[in-house]
2 protein chains.
Amino acid sequence: MYRAFGALLLVAAPVAALADPLPSWNETEAKAAIIGFVESVTTEGSDSYVDVNRRIAVFDNDGTLWSEQPVYFQLLYALDILKEKAAADPSILTSDVLKAGAAGDMAGVVAGGEDGLLEILNVSHANITPEAFEASAHEWLTTATHPTRDMIYAQMVYQPMLELLSYLRDEDFTTWIVSGGGIDFIRSIADEVYGIPPWQVVGSEGKTTYALSDDGVPTITKEGGLTFLDDKEGKPVGIMRHIGQRPIFAAGNSDGDLAMLEWTTVGEGPAFGLLVHHTDAEREFAYDREGHIGVLNRGLDEAGERGWLLVDMAADWARVYPAAP
Amino acid sequence: MYRAFGALLLVAAPVAALADPLPSWNETEAKAAIIGFVESVTTEGSDSYVDVNRRIAVFDNDGTLWSEQPVYFQLLYALDILKEKAAADPSILTSDVLKAGAAGDMAGVVAGGEDGLLEILNVSHANITPEAFEASAHEWLTTATHPTRDMIYAQMVYQPMLELLSYLRDEDFTTWIVSGGGIDFIRSIADEVYGIPPWQVVGSEGKTTYALSDDGVPTITKEGGLTFLDDKEGKPVGIMRHIGQRPIFAAGNSDGDLAMLEWTTVGEGPAFGLLVHHTDAEREFAYDREGHIGVLNRGLDEAGERGWLLVDMAADWARVYPAAP
């Protein structure tokens with residue numbers, strides 16, 4: 001019986017090996033580099049073999065797993081909720097930046113600086129339970145439409161990266177999101193679109209409190225503000241707080257991800273760093289050194305010496321989104 | 001071939017079902033209640049069936065998974081390191097509380113209050129990388145001997161709780177530690193003694209920073225202090241931050257765990273709360289309403305109305321530690 005089952009496995013294995021784990025990646029050096037790394041750390045007896053419990057892969061979200069233009073989706077969500085609430089009760093617009101946000105005046109929003117941004121975010125992100133917030137964010141992500149692409153936000157994930165996540169999990173990696181975006185915003189959709197459970201999402205955090213209500217109901221409340229910014233040097237800190245272990249694979253797309261890539265790849269043992277380079281104005285967006293979202297400057301300069309893979313979206317990806325718009 | 005394999009499974013299943021998952025638990029109501037709950041949430045078609053991705057079980061550590069008398073092991077570790085460092089360099093004893101700690105004067109340590117305690121903790125817990133700290137904590141936990149029991153600290157885990165952790169994992173729960181103790185201290189040993197990976201440990205936290213050294217080496221440093229206290233109302237907050245989902249099983253032993261038990265069990269859906277009651281002066285320690293460690297006061301009063309299981313260590317456990325001292 002055991003022998004028969006063993007024979008079945010021997011038959012099945014070569015079939016699995018022949019299947020292409022990354023069908024939406026073109027046959028370029030990028031794809032070969034990824035597969036080469038994964039095979040080297042998962043082949044028993046290989047010098048660079050890595051035990052299953054150390055196969056940690058971390059991914060930035062905005063611009064790495066889904067689009068981030070013209071601005072982060074989370075800000076578009078916050079502005080939509082602000083507009084909706086202001087339409088019902090204009091008295092909530094108690095400051096210039098809230099008025100600018102509700103009027104869709106992006107110059108006015110930018111003029112408010114970081115404090116103004118937090119004020120706008122707090123309208124949708126504070127004085128609410130995580131459960132109610134996630135329901136609202138999920139509803140928006142699965143129904144609202146992107147301003148310039150005729151797509152629902154939740155459809156604007158990168159098919160090649162979904163395949164990479166699945167491929168790594170099939171090879172016994174755990175896959176994590178490590179994002180500058182809000183942890184609860186991403187958790188609202190991460191399992192559904194990425195197959196990543198809420199506890200494998202690391203992100204920026206606000207204050208939360210726990211209390212029993214007068215009638216004995218336990219409640220967590222998002223109080224707003226920003227208690228942890230999971231960006232730049234915050235990313236390795238967030239990784240160590242949530243994962244407690246250095247990853248061996250890190251993927252990002254902007255200079256905000258460089259500390260995470262350094263922490264993952266500079267040091268002993270096999271490790272892989274990947275930067276998605278947005279080169280595809282036709283199918284997605286083209287941007288790198290300039291602008292206010294997803295700036296990739298140092299990353300382009302340092303990728304070579306660091307040995308990080310620069311993924312050329314236009315050349316390396318056979319498709320961008322799961323469905324054509 | 002498939003049919004043969006199916007038959008093998010059919011033969012194997014009843015054997016597994018007959019094996020006792022909790023052999024170190026006596027045949028009392030406590031054991032029956034635990035097994036009854038686990039079977040009810042894992043039996044497909046049952047009214048109280050719970051999907052695998054919602055089977056989250058959280059465990060306090062001190063007094064729930066291992067002993068906590070005469071004081072928390074982590075404080076004994078901090079005092080041992082303080083003594084060791086002071087022996088090498090007495091000039092580090094810059095305050096009364098540090099002098100008291102190095103002299104083993106517990107009244108002097110207590111007189112220093114929370115600030116004094118942090119001062120003592122910082123000697124071993126600050127200005128160190130998490131990797132070096134965990135190596136030091138692991139070394140101590142696996143070699144130092146308890147002051148009144150002739151046992152290594154890492155041996156002072158509760159065999160019945162180890163079996164409960166394994167049983168829950170066999171039933172597709174994920175098992176988490178949610179402790180008032182330091183997150184890195186517990187992570188140093190959690191995988192080895194509990195089978196719990198570092199990312200499933202939630203605990204109190206100090207400040208950590210990331211930096212590239214002058215020669216380009218990325219380093220995380222524990223800066224000391226207390227930025228998050230994972231105790232009392234902090235436990236549900238820590239759960240939502242790290243897990244992002246309400247558990248369905250929570251185990252604790254003191255009033256510091258009650259908010260976690262409330263958050264887990266008060267509300268809709270099946271859930272289980274368990275309190276370990278330290279009733280066994282012979283084999284472990286007996287304490288509840290009095291003292292400064294592991295006080296269980298409200299918990300004894302409220303367990304009945306909340307439907308929480310009170311585990312009577314003396315009556316419900318056939319053995320306490322994996323090996324006799």
# chains A, B, ... in the order shown; residues from 1 in each chain; ligands from 1
>>> residues_around(residues="region 177-190 of chain B", least_positions_apart="6", cutoff="9 Å", atoms="only C-alpha atoms", output="ChimeraX atom specification")
/A:241,244 /B:57-62,72,74,130-131,133-138,141-142,154,196-206,229-232,234-235,238-239,256-257,260
>>> write_last_selection(atoms="N, CA and C atoms", output="compact mmCIF listing (two decimals), in the first residue's frame")
# COMPACT_ATOMS: atom_id res chain seq x y z
N ARG A 241 8.60 43.12 14.62
CA ARG A 241 7.53 43.08 15.62
C ARG A 241 6.51 42.00 15.29
N GLY A 244 9.03 38.56 13.66
CA GLY A 244 10.04 38.13 14.62
C GLY A 244 11.19 37.39 13.98
N ALA B 57 -6.72 30.14 18.54
CA ALA B 57 -6.67 29.87 19.99
C ALA B 57 -5.53 30.68 20.60
N VAL B 58 -5.83 31.43 21.66
CA VAL B 58 -4.83 32.29 22.30
C VAL B 58 -4.56 31.83 23.73
N PHE B 59 -3.29 31.87 24.11
CA PHE B 59 -2.86 31.40 25.43
C PHE B 59 -1.99 32.45 26.10
N ASP B 60 -2.36 32.84 27.31
CA ASP B 60 -1.43 33.53 28.17
C ASP B 60 -0.23 32.61 28.42
N ASN B 61 0.91 33.19 28.80
CA ASN B 61 2.10 32.34 29.04
C ASN B 61 2.37 32.07 30.53
N ASP B 62 2.71 33.12 31.30
CA ASP B 62 3.10 32.94 32.71
C ASP B 62 1.91 32.44 33.54
N TYR B 72 7.80 36.23 37.99
CA TYR B 72 7.93 35.90 36.57
C TYR B 72 9.37 35.55 36.23
N GLN B 74 10.97 35.98 33.64
CA GLN B 74 11.68 37.04 32.92
C GLN B 74 12.38 38.01 33.88
N PRO B 130 17.76 42.09 18.70
CA PRO B 130 16.83 41.01 19.08
C PRO B 130 17.51 39.63 18.97
N GLU B 131 18.40 39.48 18.00
CA GLU B 131 19.06 38.18 17.82
C GLU B 131 19.95 37.86 19.03
N PHE B 133 19.76 39.23 22.03
CA PHE B 133 18.92 39.09 23.22
C PHE B 133 18.29 37.70 23.28
N GLU B 134 17.75 37.25 22.15
CA GLU B 134 17.08 35.94 22.16
C GLU B 134 18.08 34.81 22.42
N ALA B 135 19.30 34.96 21.92
CA ALA B 135 20.31 33.94 22.21
C ALA B 135 20.61 33.89 23.70
N SER B 136 20.70 35.06 24.33
CA SER B 136 20.98 35.13 25.76
C SER B 136 19.82 34.56 26.58
N ALA B 137 18.59 34.94 26.22
CA ALA B 137 17.41 34.44 26.95
C ALA B 137 17.29 32.93 26.79
N HIS B 138 17.54 32.44 25.59
CA HIS B 138 17.45 31.00 25.33
C HIS B 138 18.48 30.23 26.15
N LEU B 141 17.24 30.22 29.79
CA LEU B 141 16.05 29.39 30.01
C LEU B 141 16.38 27.90 29.94
N THR B 142 17.42 27.55 29.20
CA THR B 142 17.72 26.13 29.03
C THR B 142 18.88 25.65 29.91
N ALA B 154 13.10 25.98 31.39
CA ALA B 154 12.40 25.52 30.19
C ALA B 154 11.66 24.19 30.41
N ILE B 196 5.38 26.82 18.76
CA ILE B 196 4.73 28.06 18.28
C ILE B 196 5.80 28.95 17.65
N PRO B 197 5.63 29.29 16.35
CA PRO B 197 6.65 30.10 15.67
C PRO B 197 6.65 31.54 16.19
N PRO B 198 7.75 32.28 15.96
CA PRO B 198 7.87 33.63 16.53
C PRO B 198 6.71 34.54 16.15
N TRP B 199 6.16 34.39 14.94
CA TRP B 199 5.11 35.30 14.50
C TRP B 199 3.77 34.98 15.16
N GLN B 200 3.68 33.92 15.94
CA GLN B 200 2.46 33.66 16.69
C GLN B 200 2.64 33.94 18.19
N VAL B 201 3.59 34.81 18.48
CA VAL B 201 3.80 35.28 19.85
C VAL B 201 3.45 36.77 19.90
N VAL B 202 2.50 37.13 20.76
CA VAL B 202 2.14 38.52 21.03
C VAL B 202 2.57 38.79 22.46
N GLY B 203 3.25 39.92 22.70
CA GLY B 203 3.70 40.22 24.05
C GLY B 203 3.96 41.70 24.21
N SER B 204 4.46 42.07 25.38
CA SER B 204 4.80 43.46 25.61
C SER B 204 6.03 43.84 24.79
N GLU B 205 6.10 45.12 24.43
CA GLU B 205 7.13 45.56 23.50
C GLU B 205 7.83 46.81 24.01
N GLY B 206 9.10 46.91 23.70
CA GLY B 206 9.84 48.15 23.88
C GLY B 206 10.11 48.78 22.53
N LEU B 229 2.10 47.55 26.52
CA LEU B 229 1.92 46.60 27.62
C LEU B 229 0.78 45.66 27.25
N ASP B 230 1.14 44.42 26.97
CA ASP B 230 0.17 43.43 26.51
C ASP B 230 -0.46 42.73 27.72
N ASP B 231 -1.16 43.51 28.51
CA ASP B 231 -1.79 42.95 29.71
C ASP B 231 -3.16 43.62 29.88
N LYS B 232 -4.07 42.94 30.56
CA LYS B 232 -5.42 43.46 30.81
C LYS B 232 -6.06 43.93 29.50
N GLY B 234 -4.90 45.62 27.31
CA GLY B 234 -3.93 45.56 26.21
C GLY B 234 -3.99 44.25 25.45
N LYS B 235 -4.48 43.18 26.08
CA LYS B 235 -4.47 41.88 25.38
C LYS B 235 -5.40 41.85 24.17
N GLY B 238 -3.65 43.87 21.55
CA GLY B 238 -2.54 43.12 20.94
C GLY B 238 -3.04 42.04 19.99
N ILE B 239 -4.12 41.38 20.37
CA ILE B 239 -4.72 40.35 19.51
C ILE B 239 -5.16 40.95 18.18
N GLY B 256 -5.44 39.47 34.84
CA GLY B 256 -4.84 40.14 33.68
C GLY B 256 -5.28 39.54 32.36
N ASP B 257 -5.89 38.35 32.41
CA ASP B 257 -6.36 37.67 31.20
C ASP B 257 -7.84 37.85 30.94
N MET B 260 -9.03 39.50 27.66
CA MET B 260 -8.82 38.57 26.54
C MET B 260 -9.92 37.51 26.50
>>> residues_around(residues="Thr129 (chain A)", least_positions_apart="4", cutoff="10 Å", atoms="only C-alpha atoms", output="compact mmCIF listing (two decimals) with N, CA and C atoms, in the first residue's frame")
# COMPACT_ATOMS: atom_id res chain seq x y z
N HIS A 125 -11.50 56.63 9.38
CA HIS A 125 -10.69 55.62 10.07
C HIS A 125 -10.77 55.69 11.59
N PHE A 133 -15.12 49.10 10.09
CA PHE A 133 -14.22 49.74 9.13
C PHE A 133 -13.88 48.80 7.99
N GLU A 134 -13.56 47.55 8.33
CA GLU A 134 -13.18 46.60 7.28
C GLU A 134 -14.35 46.29 6.34
N ALA A 135 -15.55 46.26 6.90
CA ALA A 135 -16.72 46.04 6.05
C ALA A 135 -16.88 47.20 5.07
N THR A 208 -5.73 52.05 19.08
CA THR A 208 -6.98 51.32 19.30
C THR A 208 -7.13 51.09 20.80
N THR A 209 -8.37 51.05 21.26
CA THR A 209 -8.62 50.80 22.67
C THR A 209 -9.68 49.71 22.82
N THR A 219 -15.74 45.78 23.17
CA THR A 219 -15.59 46.51 21.91
C THR A 219 -14.17 47.05 21.77
N ILE A 220 -13.63 46.87 20.57
CA ILE A 220 -12.37 47.54 20.20
C ILE A 220 -12.76 48.76 19.36
N THR A 221 -12.11 49.87 19.61
CA THR A 221 -12.40 51.08 18.83
C THR A 221 -11.12 51.62 18.22
N LYS A 222 -11.20 51.93 16.93
CA LYS A 222 -10.10 52.64 16.27
C LYS A 222 -10.21 54.10 16.67
N GLU A 223 -9.19 54.62 17.35
CA GLU A 223 -9.25 55.99 17.87
C GLU A 223 -8.64 56.99 16.90
>>> atom_distance(atom1="CA of Val276 (chain B)", atom2="CA of Val311 (chain B)")
4.8 Å
>>> select_by_dssp(residues="region 135-273 of chain A", states="strand (DSSP E)", output="ChimeraX atom specification")
/A:174-182,201-212,218-228,249-252,272-273
>>> closest_residue(among="A:Val320, A:Val237, A:Ala111, A:Leu164", to="Asp20 (chain A)", atoms="only C-alpha atoms")
A:Leu164
>>> atom_distance(atom1="CA of Ala30 (chain B)", atom2="CA of Ile56 (chain B)")
20.1 Å
>>> residues_around(residues="region 281-290 of chain B", least_positions_apart="2", cutoff="8 Å", atoms="only C-alpha atoms", output="short mmCIF file (atom, residue, chain, number, x, y, z; two decimals) with C-alpha atoms, in the first residue's frame")
data_model
loop_
_atom_site.label_atom_id
_atom_site.label_comp_id
_atom_site.auth_asym_id
_atom_site.auth_seq_id
_atom_site.Cartn_x
_atom_site.Cartn_y
_atom_site.Cartn_z
CA SER B 67 5.08 28.45 36.10
CA GLN B 69 6.36 31.65 41.00
CA SER B 254 -5.17 35.58 36.21
CA HIS B 277 -6.59 27.63 38.81
CA HIS B 278 -3.37 27.07 40.76
CA THR B 279 -4.56 24.65 43.43
CA HIS B 292 1.52 40.05 43.67
CA GLY B 294 -1.07 35.85 38.96
CA VAL B 295 -3.88 37.21 41.11
CA LEU B 296 -7.17 35.53 40.22
CA ASN B 297 -9.99 37.37 41.95
CA VAL B 320 2.05 18.90 35.81
#
>>> closest_residue(among="A:Thr148, A:Thr143, A:Gln159, A:Thr42", to="Ser24 (chain A)", atoms="only C-alpha atoms")
A:Gln159
>>> closest_residue(among="B:Leu121, B:Ala33, B:Ala88, B:Leu79", to="Ala102 (chain B)", atoms="only C-alpha atoms")
B:Leu79
>>> residues_around(residues="Leu258 (chain A)", least_positions_apart="6", cutoff="9 Å", atoms="only C-alpha atoms", output="PyMOL selection string")
chain A and resi 232-233+252+298-299
>>> write_last_selection(atoms="C-alpha atoms", output="mmCIF file, in the first residue's frame")
data_model
loop_
_atom_site.group_PDB
_atom_site.id
_atom_site.type_symbol
_atom_site.label_atom_id
_atom_site.label_comp_id
_atom_site.auth_asym_id
_atom_site.auth_seq_id
_atom_site.Cartn_x
_atom_site.Cartn_y
_atom_site.Cartn_z
ATOM 1 C CA LYS A 232 11.099 53.216 5.164
ATOM 2 C CA GLU A 233 13.021 52.325 8.372
ATOM 3 C CA GLY A 252 8.825 46.370 -3.299
ATOM 4 C CA ARG A 298 17.957 55.290 -4.814
ATOM 5 C CA GLY A 299 16.467 51.911 -5.727
#
>>> residues_around(residues="Leu274 (chain B)", least_positions_apart="2", cutoff="6 Å", atoms="only C-alpha atoms", output="list in words")
Ala251, Trp308 and Leu309 of chain B
>>> select_by_dssp(residues="region 83-116 of chain A", states="helix (DSSP H, G or I)", output="number ranges by chain")
A: 83-88, 90-92, 96-102, 106-111, 113-116
>>> write_last_selection(atoms="C-alpha atoms", output="short mmCIF file (atom, residue, chain, number, x, y, z; two decimals), in the first residue's frame")
data_model
loop_
_atom_site.label_atom_id
_atom_site.label_comp_id
_atom_site.auth_asym_id
_atom_site.auth_seq_id
_atom_site.Cartn_x
_atom_site.Cartn_y
_atom_site.Cartn_z
CA LYS A 83 -17.63 63.40 0.55
CA GLU A 84 -20.41 60.98 1.48
CA LYS A 85 -20.46 62.10 5.12
CA ALA A 86 -20.23 65.77 4.21
CA ALA A 87 -23.18 65.44 1.83
CA ALA A 88 -25.25 64.06 4.71
CA PRO A 90 -21.92 69.55 5.97
CA SER A 91 -21.19 70.65 9.54
CA ILE A 92 -18.45 68.01 9.77
CA ASP A 96 -9.91 74.10 5.36
CA VAL A 97 -8.36 70.73 4.59
CA LEU A 98 -11.64 68.87 5.17
CA LYS A 99 -13.44 71.37 2.92
CA ALA A 100 -10.74 70.88 0.25
CA GLY A 101 -11.04 67.11 0.54
CA ALA A 102 -14.82 67.12 0.25
CA MET A 106 -6.25 67.98 -4.30
CA ALA A 107 -4.03 71.08 -4.13
CA GLY A 108 -5.89 72.07 -0.96
CA VAL A 109 -5.44 68.55 0.44
CA VAL A 110 -1.70 68.62 -0.28
CA ALA A 111 -1.46 72.11 1.30
CA GLY A 113 0.44 68.54 4.93
CA GLU A 114 0.62 65.42 7.04
CA ASP A 115 -1.64 66.78 9.76
CA GLY A 116 -4.29 67.60 7.18
#
>>> atom_distance(atom1="CA of Ile293 (chain A)", atom2="CA of Trp140 (chain A)")
21.5 Å
>>> decode(residues="region 30-46 of chain A", atoms="N, CA and C atoms", output="PDB file, in the first residue's frame")
ATOM      1  N   ALA A  30      14.268  37.905 -15.656  1.00  0.00           N
ATOM      2  CA  ALA A  30      13.594  38.130 -14.374  1.00  0.00           C
ATOM      3  C   ALA A  30      12.938  36.842 -13.882  1.00  0.00           C
ATOM      4  N   LYS A  31      12.162  36.229 -14.766  1.00  0.00           N
ATOM      5  CA  LYS A  31      11.482  34.983 -14.406  1.00  0.00           C
ATOM      6  C   LYS A  31      12.490  33.894 -14.053  1.00  0.00           C
ATOM      7  N   ALA A  32      13.532  33.803 -14.840  1.00  0.00           N
ATOM      8  CA  ALA A  32      14.555  32.776 -14.581  1.00  0.00           C
ATOM      9  C   ALA A  32      15.233  33.019 -13.234  1.00  0.00           C
ATOM     10  N   ALA A  33      15.462  34.288 -12.896  1.00  0.00           N
ATOM     11  CA  ALA A  33      16.130  34.597 -11.627  1.00  0.00           C
ATOM     12  C   ALA A  33      15.250  34.195 -10.446  1.00  0.00           C
ATOM     13  N   ILE A  34      13.950  34.487 -10.531  1.00  0.00           N
ATOM     14  CA  ILE A  34      13.034  34.138  -9.437  1.00  0.00           C
ATOM     15  C   ILE A  34      12.982  32.624  -9.257  1.00  0.00           C
ATOM     16  N   ILE A  35      12.752  31.923 -10.352  1.00  0.00           N
ATOM     17  CA  ILE A  35      12.622  30.466 -10.265  1.00  0.00           C
ATOM     18  C   ILE A  35      13.941  29.837  -9.816  1.00  0.00           C
ATOM     19  N   GLY A  36      15.045  30.388 -10.311  1.00  0.00           N
ATOM     20  CA  GLY A  36      16.355  29.876  -9.900  1.00  0.00           C
ATOM     21  C   GLY A  36      16.565  30.013  -8.403  1.00  0.00           C
ATOM     22  N   PHE A  37      16.179  31.167  -7.846  1.00  0.00           N
ATOM     23  CA  PHE A  37      16.335  31.361  -6.404  1.00  0.00           C
ATOM     24  C   PHE A  37      15.455  30.390  -5.625  1.00  0.00           C
ATOM     25  N   VAL A  38      14.185  30.311  -6.021  1.00  0.00           N
ATOM     26  CA  VAL A  38      13.251  29.463  -5.269  1.00  0.00           C
ATOM     27  C   VAL A  38      13.714  28.011  -5.316  1.00  0.00           C
ATOM     28  N   GLU A  39      14.162  27.569  -6.486  1.00  0.00           N
ATOM     29  CA  GLU A  39      14.638  26.178  -6.577  1.00  0.00           C
ATOM     30  C   GLU A  39      15.876  25.963  -5.710  1.00  0.00           C
ATOM     31  N   SER A  40      16.751  26.965  -5.652  1.00  0.00           N
ATOM     32  CA  SER A  40      17.993  26.782  -4.890  1.00  0.00           C
ATOM     33  C   SER A  40      17.734  26.677  -3.384  1.00  0.00           C
ATOM     34  N   VAL A  41      16.730  27.391  -2.888  1.00  0.00           N
ATOM     35  CA  VAL A  41      16.492  27.343  -1.435  1.00  0.00           C
ATOM     36  C   VAL A  41      15.537  26.223  -1.032  1.00  0.00           C
ATOM     37  N   THR A  42      14.909  25.578  -2.020  1.00  0.00           N
ATOM     38  CA  THR A  42      13.936  24.528  -1.681  1.00  0.00           C
ATOM     39  C   THR A  42      14.418  23.135  -2.080  1.00  0.00           C
ATOM     40  N   THR A  43      15.579  23.044  -2.714  1.00  0.00           N
ATOM     41  CA  THR A  43      16.103  21.744  -3.132  1.00  0.00           C
ATOM     42  C   THR A  43      16.947  21.158  -2.009  1.00  0.00           C
ATOM     43  N   GLU A  44      16.453  20.087  -1.407  1.00  0.00           N
ATOM     44  CA  GLU A  44      17.198  19.476  -0.301  1.00  0.00           C
ATOM     45  C   GLU A  44      18.563  19.010  -0.780  1.00  0.00           C
ATOM     46  N   GLY A  45      19.553  19.283   0.057  1.00  0.00           N
ATOM     47  CA  GLY A  45      20.913  18.920  -0.305  1.00  0.00           C
ATOM     48  C   GLY A  45      21.645  20.080  -0.974  1.00  0.00           C
ATOM     49  N   SER A  46      20.883  21.070  -1.460  1.00  0.00           N
ATOM     50  CA  SER A  46      21.523  22.241  -2.066  1.00  0.00           C
ATOM     51  C   SER A  46      22.255  23.041  -0.986  1.00  0.00           C
TER      52      SER A  46
END
